[in-house]
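Visitor: Submitted below is the structure of interest, expressed as structure tokens.
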Amino acid sequence: MSSQQLLVRQVVRSAHQVRAYHKVRANIPLKVHRNVRVISSSVTRSAVAASKLKPTPTSTPPPPSSEPTPQREQSWLTTKVKSSPLLFSIFLSVARVLGYGSPQQFANRRALLLYNTLCATRADEAFAFWTEECALPPTFQSWFTVTNLHVWLLTVRLRALPAPHGTHHVQGLIDHFFQDVEERLRAVLQPGVLPPRSSSPNLSSAAAEDGSPYPHSSFYTTPAPLAPKSTFPSTKAYQEAVKLQKRSRAPEKLITRQMKILKEQWAGMGMTLDLGLVRGDAEMAAAVWRNLLGARGASGIGLGQEGDGKSYRRAVNLVGGLVEDVRKLDVDKEELKDDNSGVHDFAPSENDRYIGYPELMVTLVSYIRREILRLERLDDSVIMGPRRVGREGEGIQNLRWGDIQNSVRR
């Protein structure tokens, strides 16, 4: 048997294995993030998305980094296929049969790079603003809230793409968002189940190491991984540490419940911001205050003495989440309970922080309006990219968000 015939058999065998893998995945019970579907554009389409986009000149963005990206060494099979036109054409034919070059596949790969570059890292890029100006604690919940805001910002522009590209890109973005959220949630509540993510900026090499295509975040703290077995004084000590780690993991029921709560937060923030986009800045500021800043001061500014338990108050979500029957809930009592989220009314000694809230609202609303307008002015081809295999990431660096604190025109 010739070497070319052998290579053809290997390519066809790999194609059958991939097809069998997708059939097995289809029979696995779907996770919560697979149930998240795109909100109908006929209900939530904003004025920005509904209008016809016309390319207009924009300011020149900063040039992307010129540092060379290390290339992975190609395998023997890859080198052989690329060197033979016959084998390369056979490989492309098999890939098309598997749907690799379909519009949905292109949109999904583009959405992955859009999410990793523009959404998943935004909390880390503006860490000081979110934690100091907005007083958000450095927790996973705060990371989710900030990322959710920028997923919505990107969704507004993707909804305006021509059919079916808009639906494909939005669905890919939401799928990647909730896949990443589920992995991060398991890393926090079930330490040791998934390998720790690499902090390498090169996502391709990091994905090869830990199996995750999503970036690492230092915005919040994850449980430290178990030390290598060689560092323990004895095998018994290592086994005890493994048992202790397993006992500290949250049950699967809690993961499922928390994912449903996060799904409700995603849907709620998206719909309220859509409403604010249409109705005006006052409605937009109210949506940001409720969803991003925890509705601080909703029941008034407390003037009690320090140390008084009644000075502590937080907003309680009466729809979905942990609330099963509103009639049985004592709202006043629940507002005084510390849910360990870190988002609650300021203490009496910090009441002066409310003075800057109107200016903070103006900053956030101006940032949202500015970025939506900037994306609106970009042509569809800039958003979707060249749509060529291996070039899915072109132009994404030029879509990066601007500075938040300089969003207000003085």
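Letters for chains follow the order of the structure tokens (A, B, ...), residue numbers begin at 1 for each chain, and ligand numbers begin at 1 in the order shown.
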Looking only at alpha helix (DSSP H) from DSSP on the backbone, list the matching residues of stretch 212-244 of chain A as a count of residues only.
Guide: 10
Visitor: Please report, as a Markdown table, each residue of stretch 225-301 of chain A lying at most 10 Å from stretch 171-192 of chain A, together with the nearest pair of atoms and the separation in Å rounded to one decimal; use only C-alpha atoms, and order rows by chain and ascending residue number.
Guide:
```
| residue | atom | partner | partner_atom | distance |
| --- | --- | --- | --- | --- |
| A:Pro225 | CA | A:Gly192 | CA | 6.4 |
| A:Leu226 | CA | A:Gly192 | CA | 7.3 |
| A:Val242 | CA | A:Gly192 | CA | 9.1 |
| A:Gln245 | CA | A:Pro191 | CA | 7.1 |
| A:Lys246 | CA | A:Gly192 | CA | 8.0 |
| A:Arg247 | CA | A:Gln190 | CA | 9.5 |
| A:Ser248 | CA | A:Gln190 | CA | 7.4 |
| A:Arg249 | CA | A:Gln190 | CA | 4.3 |
| A:Ala250 | CA | A:Leu189 | CA | 5.4 |
| A:Pro251 | CA | A:Gln190 | CA | 8.1 |
| A:Glu252 | CA | A:Gln190 | CA | 8.9 |
| A:Leu254 | CA | A:Leu189 | CA | 8.9 |
| A:Ile255 | CA | A:Arg186 | CA | 7.3 |
| A:Thr256 | CA | A:Glu182 | CA | 9.2 |
| A:Gln258 | CA | A:Leu185 | CA | 8.5 |
| A:Met259 | CA | A:Glu182 | CA | 7.1 |
| A:Leu262 | CA | A:Val181 | CA | 8.8 |
| A:Lys263 | CA | A:Phe178 | CA | 8.3 |
| A:Trp266 | CA | A:Phe178 | CA | 9.7 |
```
Visitor: Could you tell me which of A:Leu158, A:Leu364, A:Ile383, A:Leu153 comes closest to A:Phe129 if we count only C-alpha atoms?
Guide: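 Between A:Leu158, A:Leu364, A:Ile383, A:Leu153, the residue approaching A:Phe129 most closely is A:Leu364.
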Visitor: Report as number ranges by chain all protein, DNA and RNA residues lying within 9 Å of A:Met361, evaluated on only C-alpha atoms, omitting residues in the same chain fewer than 3 positions from it.
Guide: A: 285-286, 288-289, 356-358, 364-366
Visitor: Please dump the current selection as a PDB file, in the first residue's frame; keep N, CA and C atoms.
Guide:
```
ATOM      1  N   ALA A 285     -29.663  54.591  32.844  1.00  0.00           N
ATOM      2  CA  ALA A 285     -28.986  54.764  34.132  1.00  0.00           C
ATOM      3  C   ALA A 285     -29.650  53.921  35.219  1.00  0.00           C
ATOM      4  N   ALA A 286     -30.977  53.840  35.181  1.00  0.00           N
ATOM      5  CA  ALA A 286     -31.684  53.018  36.166  1.00  0.00           C
ATOM      6  C   ALA A 286     -31.338  51.545  35.982  1.00  0.00           C
ATOM      7  N   VAL A 288     -28.530  50.321  34.732  1.00  0.00           N
ATOM      8  CA  VAL A 288     -27.152  50.137  35.205  1.00  0.00           C
ATOM      9  C   VAL A 288     -27.104  50.127  36.723  1.00  0.00           C
ATOM     10  N   TRP A 289     -27.843  51.021  37.351  1.00  0.00           N
ATOM     11  CA  TRP A 289     -27.864  51.100  38.817  1.00  0.00           C
ATOM     12  C   TRP A 289     -28.400  49.806  39.427  1.00  0.00           C
ATOM     13  N   GLY A 356     -21.185  61.058  44.667  1.00  0.00           N
ATOM     14  CA  GLY A 356     -20.616  60.876  43.337  1.00  0.00           C
ATOM     15  C   GLY A 356     -21.409  59.957  42.434  1.00  0.00           C
ATOM     16  N   TYR A 357     -22.557  59.427  42.917  1.00  0.00           N
ATOM     17  CA  TYR A 357     -23.334  58.495  42.109  1.00  0.00           C
ATOM     18  C   TYR A 357     -23.902  59.115  40.829  1.00  0.00           C
ATOM     19  N   PRO A 358     -24.432  60.339  40.864  1.00  0.00           N
ATOM     20  CA  PRO A 358     -24.912  60.921  39.599  1.00  0.00           C
ATOM     21  C   PRO A 358     -23.812  61.015  38.544  1.00  0.00           C
ATOM     22  N   LEU A 364     -21.019  55.877  33.146  1.00  0.00           N
ATOM     23  CA  LEU A 364     -21.361  54.556  32.636  1.00  0.00           C
ATOM     24  C   LEU A 364     -22.299  54.634  31.435  1.00  0.00           C
ATOM     25  N   VAL A 365     -23.299  55.503  31.519  1.00  0.00           N
ATOM     26  CA  VAL A 365     -24.242  55.641  30.402  1.00  0.00           C
ATOM     27  C   VAL A 365     -23.533  56.211  29.179  1.00  0.00           C
ATOM     28  N   SER A 366     -22.647  57.171  29.381  1.00  0.00           N
ATOM     29  CA  SER A 366     -21.899  57.740  28.257  1.00  0.00           C
ATOM     30  C   SER A 366     -20.991  56.693  27.629  1.00  0.00           C
TER      31      SER A 366
END
```
Visitor: Could you tell me how far atom CA of A:Arg279 lies from atom CA of A:Leu399, in Å and to one decimal?
Guide: 26.4 Å
Visitor: One number please: atom CA of A:Thr131 to atom CA of A:Pro195, in Å, one decimal.
Guide: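 Computed distance, atom CA of A:Thr131 to atom CA of A:Pro195, equals 27.8 Å.
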